[in-house]
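A.B. asks: You'll find entry_37.tsv just under this line, and it carries TSV, C-alpha atoms and all ligand atoms.
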```
chain	number	residue	atom	x	y	z
A	896	MET	CA	16.99	-5.69	9.19
A	897	ASP	CA	16.74	-3.01	11.90
A	898	ILE	CA	13.30	-1.34	11.83
A	899	PHE	CA	14.82	2.15	11.54
A	900	GLN	CA	16.83	1.02	8.55
A	901	VAL	CA	13.60	-0.27	7.00
A	902	PHE	CA	11.99	3.17	7.52
A	903	ARG	CA	15.04	4.88	6.00
A	904	ASP	CA	15.57	2.66	2.99
A	905	ARG	CA	12.04	1.86	1.78
A	906	ARG	CA	11.24	3.51	-1.55
A	907	SER	CA	8.34	3.46	-3.98
A	908	ILE	CA	9.54	0.93	-6.57
A	909	ARG	CA	8.34	1.38	-10.14
A	910	LYS	CA	10.68	-1.08	-11.94
A	911	TYR	CA	10.59	-4.81	-11.26
A	912	LYS	CA	12.61	-7.87	-12.23
A	913	ASP	CA	10.84	-10.62	-14.10
A	914	VAL	CA	11.23	-12.95	-11.10
A	915	PRO	CA	8.30	-14.57	-9.28
A	916	VAL	CA	7.67	-13.85	-5.61
A	917	GLU	CA	7.67	-16.89	-3.33
A	918	GLN	CA	4.22	-17.72	-1.88
A	919	GLU	CA	5.81	-17.95	1.58
A	920	LYS	CA	7.01	-14.34	1.31
A	921	ILE	CA	3.61	-13.13	0.10
A	922	GLU	CA	2.02	-14.74	3.15
A	923	GLN	CA	4.68	-13.30	5.47
A	924	ILE	CA	3.95	-9.81	4.12
A	925	LEU	CA	0.18	-10.25	4.46
A	926	ASP	CA	0.71	-11.48	7.99
A	927	ALA	CA	2.56	-8.27	8.86
A	928	ALA	CA	-0.46	-6.32	7.57
A	929	ARG	CA	-2.80	-8.54	9.61
A	930	LEU	CA	-1.03	-7.46	12.81
A	931	ALA	CA	-1.78	-3.74	12.33
A	932	PRO	CA	-3.83	-1.84	14.92
A	933	SER	CA	-7.36	-0.73	13.97
A	934	TRP	CA	-10.45	1.06	15.23
A	935	LYS	CA	-11.86	-1.08	18.09
A	936	ASN	CA	-9.69	-3.86	16.66
A	937	MET	CA	-12.32	-4.43	13.99
A	938	GLN	CA	-9.69	-5.17	11.31
A	939	CYS	CA	-11.79	-3.90	8.42
A	940	TRP	CA	-9.11	-4.63	5.79
A	941	ARG	CA	-9.20	-7.07	2.89
A	942	PHE	CA	-6.30	-7.89	0.57
A	943	MET	CA	-6.88	-9.21	-2.91
A	944	VAL	CA	-3.65	-10.74	-4.22
A	945	LEU	CA	-3.39	-10.95	-8.01
A	946	THR	CA	-0.79	-13.40	-9.29
A	947	GLU	CA	-2.29	-14.35	-12.67
A	948	ALA	CA	-1.26	-12.12	-15.58
A	949	ASP	CA	-4.75	-11.85	-17.10
A	950	VAL	CA	-6.23	-10.77	-13.75
A	951	ARG	CA	-3.43	-8.20	-13.18
A	952	ALA	CA	-4.14	-6.81	-16.64
A	953	LYS	CA	-7.62	-5.78	-15.47
A	954	VAL	CA	-6.05	-3.41	-12.93
A	955	LEU	CA	-3.75	-1.98	-15.59
A	956	GLU	CA	-6.78	-0.87	-17.62
A	957	ALA	CA	-7.99	1.21	-14.67
A	958	LEU	CA	-4.77	3.23	-14.28
A	959	PRO	CA	-4.42	6.50	-16.20
A	960	ASP	CA	-1.46	6.54	-18.60
A	961	ASP	CA	-0.11	9.58	-16.71
A	962	ASN	CA	0.19	7.61	-13.49
A	963	PRO	CA	3.96	7.13	-13.01
A	964	GLY	CA	3.26	3.78	-11.37
A	965	LYS	CA	1.38	2.28	-14.32
A	966	LYS	CA	4.53	0.62	-15.71
A	967	ALA	CA	5.14	-0.93	-12.31
A	968	ILE	CA	1.74	-2.61	-12.34
A	969	ALA	CA	2.51	-3.90	-15.84
A	970	ALA	CA	5.91	-5.32	-14.82
A	971	ALA	CA	5.40	-6.70	-11.30
A	972	PRO	CA	4.63	-10.41	-10.87
A	973	VAL	CA	2.14	-9.67	-8.08
A	974	VAL	CA	-0.41	-6.90	-7.54
A	975	ILE	CA	-2.21	-6.41	-4.24
A	976	VAL	CA	-5.52	-4.54	-4.09
A	977	VAL	CA	-5.84	-3.17	-0.56
A	978	CYS	CA	-9.47	-2.73	0.49
A	979	GLY	CA	-11.51	-1.80	3.51
A	980	ASN	CA	-15.07	-2.29	4.68
A	981	PRO	CA	-16.26	1.08	6.06
A	982	PHE	CA	-19.03	-0.74	7.95
A	983	GLU	CA	-16.40	-2.58	10.00
A	984	SER	CA	-14.95	0.69	11.30
A	985	ASP	CA	-16.40	4.03	12.45
A	986	VAL	CA	-16.60	7.76	11.84
A	987	GLU	CA	-15.39	9.97	14.69
A	988	ASN	CA	-14.65	13.71	14.59
A	989	GLY	CA	-15.52	13.56	10.91
A	990	ILE	CA	-12.73	11.06	10.26
A	991	GLN	CA	-13.62	7.87	8.40
A	992	TYR	CA	-11.39	5.55	10.36
A	993	PHE	CA	-11.52	2.70	7.86
A	994	ILE	CA	-9.05	4.72	5.80
A	995	ALA	CA	-6.67	4.97	8.76
A	996	ASP	CA	-7.10	1.28	9.59
A	997	VAL	CA	-6.35	0.16	6.05
A	998	ALA	CA	-3.53	2.67	5.59
A	999	ILE	CA	-1.69	1.38	8.66
A	1000	ALA	CA	-2.03	-2.22	7.46
A	1001	PHE	CA	-0.92	-1.16	3.98
A	1002	GLU	CA	2.22	0.45	5.37
A	1003	HIS	CA	2.97	-2.65	7.47
A	1004	LEU	CA	2.76	-4.56	4.19
A	1005	CYS	CA	5.11	-2.16	2.39
A	1006	LEU	CA	7.68	-2.16	5.20
A	1007	ALA	CA	7.56	-5.96	5.56
A	1008	ALA	CA	8.06	-6.32	1.82
A	1009	HIS	CA	11.11	-4.08	1.95
A	1010	ALA	CA	12.55	-6.04	4.87
A	1011	LEU	CA	12.27	-9.18	2.70
A	1012	GLY	CA	14.05	-7.54	-0.24
A	1013	LEU	CA	10.84	-6.84	-2.17
A	1014	GLY	CA	9.47	-3.59	-3.57
A	1015	THR	CA	6.05	-1.95	-3.42
A	1016	CYS	CA	4.51	1.33	-4.55
A	1017	TRP	CA	1.33	2.60	-2.96
A	1018	MET	CA	-1.00	3.78	-5.70
A	1019	GLY	CA	-4.10	5.84	-5.16
A	1020	TRP	CA	-4.71	7.21	-8.64
A	1021	PHE	CA	-6.95	4.73	-10.50
A	1022	ASP	CA	-10.57	4.29	-11.53
A	1023	GLU	CA	-11.99	2.57	-8.47
A	1024	SER	CA	-15.33	1.58	-9.99
A	1025	LEU	CA	-13.57	-0.01	-12.97
A	1026	VAL	CA	-11.26	-2.06	-10.72
A	1027	LYS	CA	-14.20	-3.14	-8.56
A	1028	ARG	CA	-16.27	-4.13	-11.56
A	1029	SER	CA	-13.52	-6.06	-13.30
A	1030	LEU	CA	-12.40	-7.88	-10.13
A	1031	GLY	CA	-15.90	-8.50	-8.73
A	1032	ILE	CA	-15.27	-6.50	-5.55
A	1033	PRO	CA	-18.60	-5.83	-3.74
A	1034	ASP	CA	-20.17	-2.34	-3.78
A	1035	ASP	CA	-19.85	-1.80	-0.01
A	1036	ILE	CA	-16.06	-2.29	-0.09
A	1037	LYS	CA	-13.67	0.63	-0.74
A	1038	ILE	CA	-10.31	0.25	-2.44
A	1039	VAL	CA	-7.84	2.32	-0.43
A	1040	GLY	CA	-4.82	1.56	-2.59
A	1041	ILE	CA	-3.14	-0.81	-4.99
A	1042	THR	CA	0.49	-1.91	-4.99
A	1043	PRO	CA	2.74	-3.90	-7.24
A	1044	LEU	CA	4.91	-6.41	-5.42
A	1045	GLY	CA	8.13	-7.89	-6.74
A	1046	TYR	CA	11.91	-7.85	-6.73
A	1047	PRO	CA	13.12	-4.28	-7.40
A	1048	ASP	CA	15.01	-3.52	-10.60
A	1049	GLN	CA	16.06	-0.05	-9.42
A	1050	VAL	CA	17.47	1.69	-6.34
A	1051	PRO	CA	15.68	5.05	-6.29
A	1052	LYS	CA	17.20	8.00	-4.45
A	1053	GLN	CA	15.52	9.13	-1.27
A	1054	ARG	CA	12.65	11.56	-2.00
A	1055	PRO	CA	12.85	14.81	0.00
A	1056	ARG	CA	11.12	15.08	3.35
A	1057	LYS	CA	10.22	18.11	5.48
A	1058	GLN	CA	12.54	18.86	8.38
A	1059	LEU	CA	11.44	17.77	11.85
A	1060	GLN	CA	11.01	21.37	13.05
A	1061	GLU	CA	8.51	21.98	10.22
A	1062	ILE	CA	6.23	19.12	11.28
A	1063	ALA	CA	6.63	18.73	15.03
A	1064	CYS	CA	6.32	21.07	17.99
A	1065	PHE	CA	6.71	20.55	21.71
A	1066	ASN	CA	4.15	21.81	24.25
A	1067	GLN	CA	3.07	24.85	22.19
A	1068	TRP	CA	1.55	24.81	18.69
A	1069	THR	CA	3.86	26.54	16.23
B	1101	LIG	C1	-1.82	7.68	-0.60
B	1101	LIG	C2	-0.73	7.54	-1.63
B	1101	LIG	C3	-1.07	7.48	-2.97
B	1101	LIG	C4	-0.06	7.34	-3.95
B	1101	LIG	N1	-0.42	7.20	-5.26
B	1101	LIG	C5	0.53	6.98	-6.19
B	1101	LIG	C6	0.16	6.72	-7.55
B	1101	LIG	O1	-1.02	6.66	-7.91
B	1101	LIG	N2	1.16	6.50	-8.43
B	1101	LIG	C7	2.49	6.48	-8.08
B	1101	LIG	O2	3.33	6.25	-8.95
B	1101	LIG	N3	2.86	6.70	-6.80
B	1101	LIG	C8	1.92	6.96	-5.85
B	1101	LIG	N4	2.28	7.14	-4.53
B	1101	LIG	C9	3.72	7.09	-4.14
B	1101	LIG	C10	4.26	8.47	-3.75
B	1101	LIG	O3	4.45	9.24	-4.93
B	1101	LIG	C11	5.58	8.29	-2.97
B	1101	LIG	O4	5.31	7.61	-1.77
B	1101	LIG	C12	6.24	9.63	-2.62
B	1101	LIG	O5	6.63	10.30	-3.80
B	1101	LIG	C13	7.49	9.45	-1.73
B	1101	LIG	O6	8.41	8.57	-2.36
B	1101	LIG	P1	8.91	7.25	-1.60
B	1101	LIG	O7	7.70	6.38	-1.36
B	1101	LIG	O8	9.90	6.59	-2.53
B	1101	LIG	O9	9.54	7.69	-0.32
B	1101	LIG	C14	1.31	7.28	-3.55
B	1101	LIG	C15	1.63	7.31	-2.19
B	1101	LIG	C16	0.63	7.41	-1.24
B	1101	LIG	C17	1.01	7.38	0.23
```
Please express what this file holds, its structure, as structure tokens.
C.D. replies:
Amino acid sequence: MDIFQVFRDRRSIRKYKDVPVEQEKIEQILDAARLAPSWKNMQCWRFMVLTEADVRAKVLEALPDDNPGKKAIAAAPVVIVVCGNPFESDVENGIQYFIADVAIAFEHLCLAAHALGLGTCWMGWFDESLVKRSLGIPDDIKIVGITPLGYPDQVPKQRPRKQLQEIACFNQWT
């Protein structure tokens, strides 16, 4: 699939088919994340892949009922907890770059999944300490996001985006 088509067609997927994801595809997606750029190439990311139902259920407990993605975590055959180690990145200009590092890798993962016919949905609204406790994630690691992964059971419409002239300027700040 053409990369621009991948950008255009990716959606947050919140409904999944009850179909397992091939291990080979999971590894292909993780490999796309592995290739992301990072601060001083320190690659501070960690991916915890949950394939067992009882382990995935622990994440479900940490999502508020109001989170529109909660049903997706319940339905998807795979959940990936996307983490970063802040001590393997840096702070510059007040920016904690581990978040940028992990976010880029996370988006590689989402785009690669889409290119393979799979759905994801970045989720940031959850009780981080509860997830860390129930999955045994060390204190010094931050969870940047969580995503379900599976075969989509919906084709959502494109969500609106700002126009280019609202977000970009040339040569002079406007
Ligand atoms: C940092 C971040 C956090 C998000 N957290 C959630 C979340 O907790 N629950 C959810 O259902 N969607 C979440 N989303 C998905 C956004 O709602 C979604 O990307 C946005 O509405 C645009 O839709 P699209 O991804 O289909 O283009 C999150 C997305 C990002 C980038």
A.B. asks: Go ahead and find all residues with at least one atom no further than 10 Å from (9.3, -8.5, -1.5) in the file's coordinates, using only C-alpha atoms; report them as an mmCIF file with C-alpha atoms, keeping the file's coordinate frame.
C.D. replies:
```
data_model
loop_
_atom_site.group_PDB
_atom_site.id
_atom_site.type_symbol
_atom_site.label_atom_id
_atom_site.label_comp_id
_atom_site.auth_asym_id
_atom_site.auth_seq_id
_atom_site.Cartn_x
_atom_site.Cartn_y
_atom_site.Cartn_z
ATOM 1 C CA PRO A 915 8.300 -14.570 -9.280
ATOM 2 C CA VAL A 916 7.670 -13.850 -5.610
ATOM 3 C CA GLU A 917 7.670 -16.890 -3.330
ATOM 4 C CA LYS A 920 7.010 -14.340 1.310
ATOM 5 C CA ILE A 921 3.610 -13.130 0.100
ATOM 6 C CA GLN A 923 4.680 -13.300 5.470
ATOM 7 C CA ILE A 924 3.950 -9.810 4.120
ATOM 8 C CA VAL A 973 2.140 -9.670 -8.080
ATOM 9 C CA LEU A 1004 2.760 -4.560 4.190
ATOM 10 C CA CYS A 1005 5.110 -2.160 2.390
ATOM 11 C CA LEU A 1006 7.680 -2.160 5.200
ATOM 12 C CA ALA A 1007 7.560 -5.960 5.560
ATOM 13 C CA ALA A 1008 8.060 -6.320 1.820
ATOM 14 C CA HIS A 1009 11.110 -4.080 1.950
ATOM 15 C CA ALA A 1010 12.550 -6.040 4.870
ATOM 16 C CA LEU A 1011 12.270 -9.180 2.700
ATOM 17 C CA GLY A 1012 14.050 -7.540 -0.240
ATOM 18 C CA LEU A 1013 10.840 -6.840 -2.170
ATOM 19 C CA GLY A 1014 9.470 -3.590 -3.570
ATOM 20 C CA THR A 1015 6.050 -1.950 -3.420
ATOM 21 C CA PRO A 1043 2.740 -3.900 -7.240
ATOM 22 C CA LEU A 1044 4.910 -6.410 -5.420
ATOM 23 C CA GLY A 1045 8.130 -7.890 -6.740
ATOM 24 C CA TYR A 1046 11.910 -7.850 -6.730
ATOM 25 C CA PRO A 1047 13.120 -4.280 -7.400
#
```
A.B. asks: Leaving out Ala1000 (chain A) and any residue of its chain fewer than 5 positions from it, which residues lie within 8 Å of it when counting only C-alpha atoms, given as a list in words?
C.D. replies: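 In the requested format, the answer is Ala927, Ala928, Arg929, Leu930, Ala931, Pro932 and Trp940 of chain A.
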A.B. asks: Could you give me, as a short mmCIF file (atom, residue, chain, number, x, y, z; two decimals) with C-alpha atoms, in the coordinates of the input, the residues that have an atom at most 8 Å away from the point (-11.5, 1.7, 0.2) in the coordinates of the file, using only C-alpha atoms?
C.D. replies:
```cif
data_model
loop_
_atom_site.label_atom_id
_atom_site.label_comp_id
_atom_site.auth_asym_id
_atom_site.auth_seq_id
_atom_site.Cartn_x
_atom_site.Cartn_y
_atom_site.Cartn_z
CA VAL A 977 -5.84 -3.17 -0.56
CA CYS A 978 -9.47 -2.73 0.49
CA GLY A 979 -11.51 -1.80 3.51
CA ASN A 980 -15.07 -2.29 4.68
CA PRO A 981 -16.26 1.08 6.06
CA PHE A 993 -11.52 2.70 7.86
CA ILE A 994 -9.05 4.72 5.80
CA VAL A 997 -6.35 0.16 6.05
CA ILE A 1036 -16.06 -2.29 -0.09
CA LYS A 1037 -13.67 0.63 -0.74
CA ILE A 1038 -10.31 0.25 -2.44
CA VAL A 1039 -7.84 2.32 -0.43
CA GLY A 1040 -4.82 1.56 -2.59
#
```
A.B. asks: Please identify every polymer residue within 8 Å of ligand LIG 1101 (chain B), using only C-alpha atoms and all ligand atoms, and present the set as a PDB file with C-alpha atoms, keeping the file's coordinate frame.
C.D. replies:
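Contents of out11.pdb, as written:
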```pdb
ATOM      1  CA  ARG A 905      12.040   1.860   1.780  1.00  0.00           C
ATOM      2  CA  ARG A 906      11.240   3.510  -1.550  1.00  0.00           C
ATOM      3  CA  SER A 907       8.340   3.460  -3.980  1.00  0.00           C
ATOM      4  CA  ILE A 908       9.540   0.930  -6.570  1.00  0.00           C
ATOM      5  CA  ARG A 909       8.340   1.380 -10.140  1.00  0.00           C
ATOM      6  CA  ASN A 962       0.190   7.610 -13.490  1.00  0.00           C
ATOM      7  CA  PRO A 963       3.960   7.130 -13.010  1.00  0.00           C
ATOM      8  CA  GLY A 964       3.260   3.780 -11.370  1.00  0.00           C
ATOM      9  CA  LYS A 965       1.380   2.280 -14.320  1.00  0.00           C
ATOM     10  CA  CYS A1016       4.510   1.330  -4.550  1.00  0.00           C
ATOM     11  CA  TRP A1017       1.330   2.600  -2.960  1.00  0.00           C
ATOM     12  CA  MET A1018      -1.000   3.780  -5.700  1.00  0.00           C
ATOM     13  CA  GLY A1019      -4.100   5.840  -5.160  1.00  0.00           C
ATOM     14  CA  TRP A1020      -4.710   7.210  -8.640  1.00  0.00           C
ATOM     15  CA  PHE A1021      -6.950   4.730 -10.500  1.00  0.00           C
ATOM     16  CA  GLY A1040      -4.820   1.560  -2.590  1.00  0.00           C
ATOM     17  CA  PRO A1051      15.680   5.050  -6.290  1.00  0.00           C
ATOM     18  CA  LYS A1052      17.200   8.000  -4.450  1.00  0.00           C
ATOM     19  CA  GLN A1053      15.520   9.130  -1.270  1.00  0.00           C
ATOM     20  CA  ARG A1054      12.650  11.560  -2.000  1.00  0.00           C
ATOM     21  CA  PRO A1055      12.850  14.810   0.000  1.00  0.00           C
TER      22      PRO A1055
END
```
A.B. asks: Can you work out the spacing between CA of Ala969 (chain A) and CA of Lys953 (chain A) in Å, to one decimal?
C.D. replies: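 Separating CA of Ala969 (chain A) from CA of Lys953 (chain A) is a distance of 10.3 Å.
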A.B. asks: Can you tell me how far CA of Val974 (chain A) sits from CA of Ile990 (chain A), in Å to one decimal?
C.D. replies: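 CA of Val974 (chain A) sits 28.1 Å away from CA of Ile990 (chain A).
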A.B. asks: Quick one: distance from CA of Leu1025 (chain A) to CA of Ile1041 (chain A) in Å, one decimal?
C.D. replies: 13.2 Å
A.B. asks: With all atoms listed in the file as the basis for distance, which of A:His1003, A:Thr1042, A:Val901, A:Glu1023 is at the shortest distance from Arg951 (chain A)?
C.D. replies: A:Thr1042
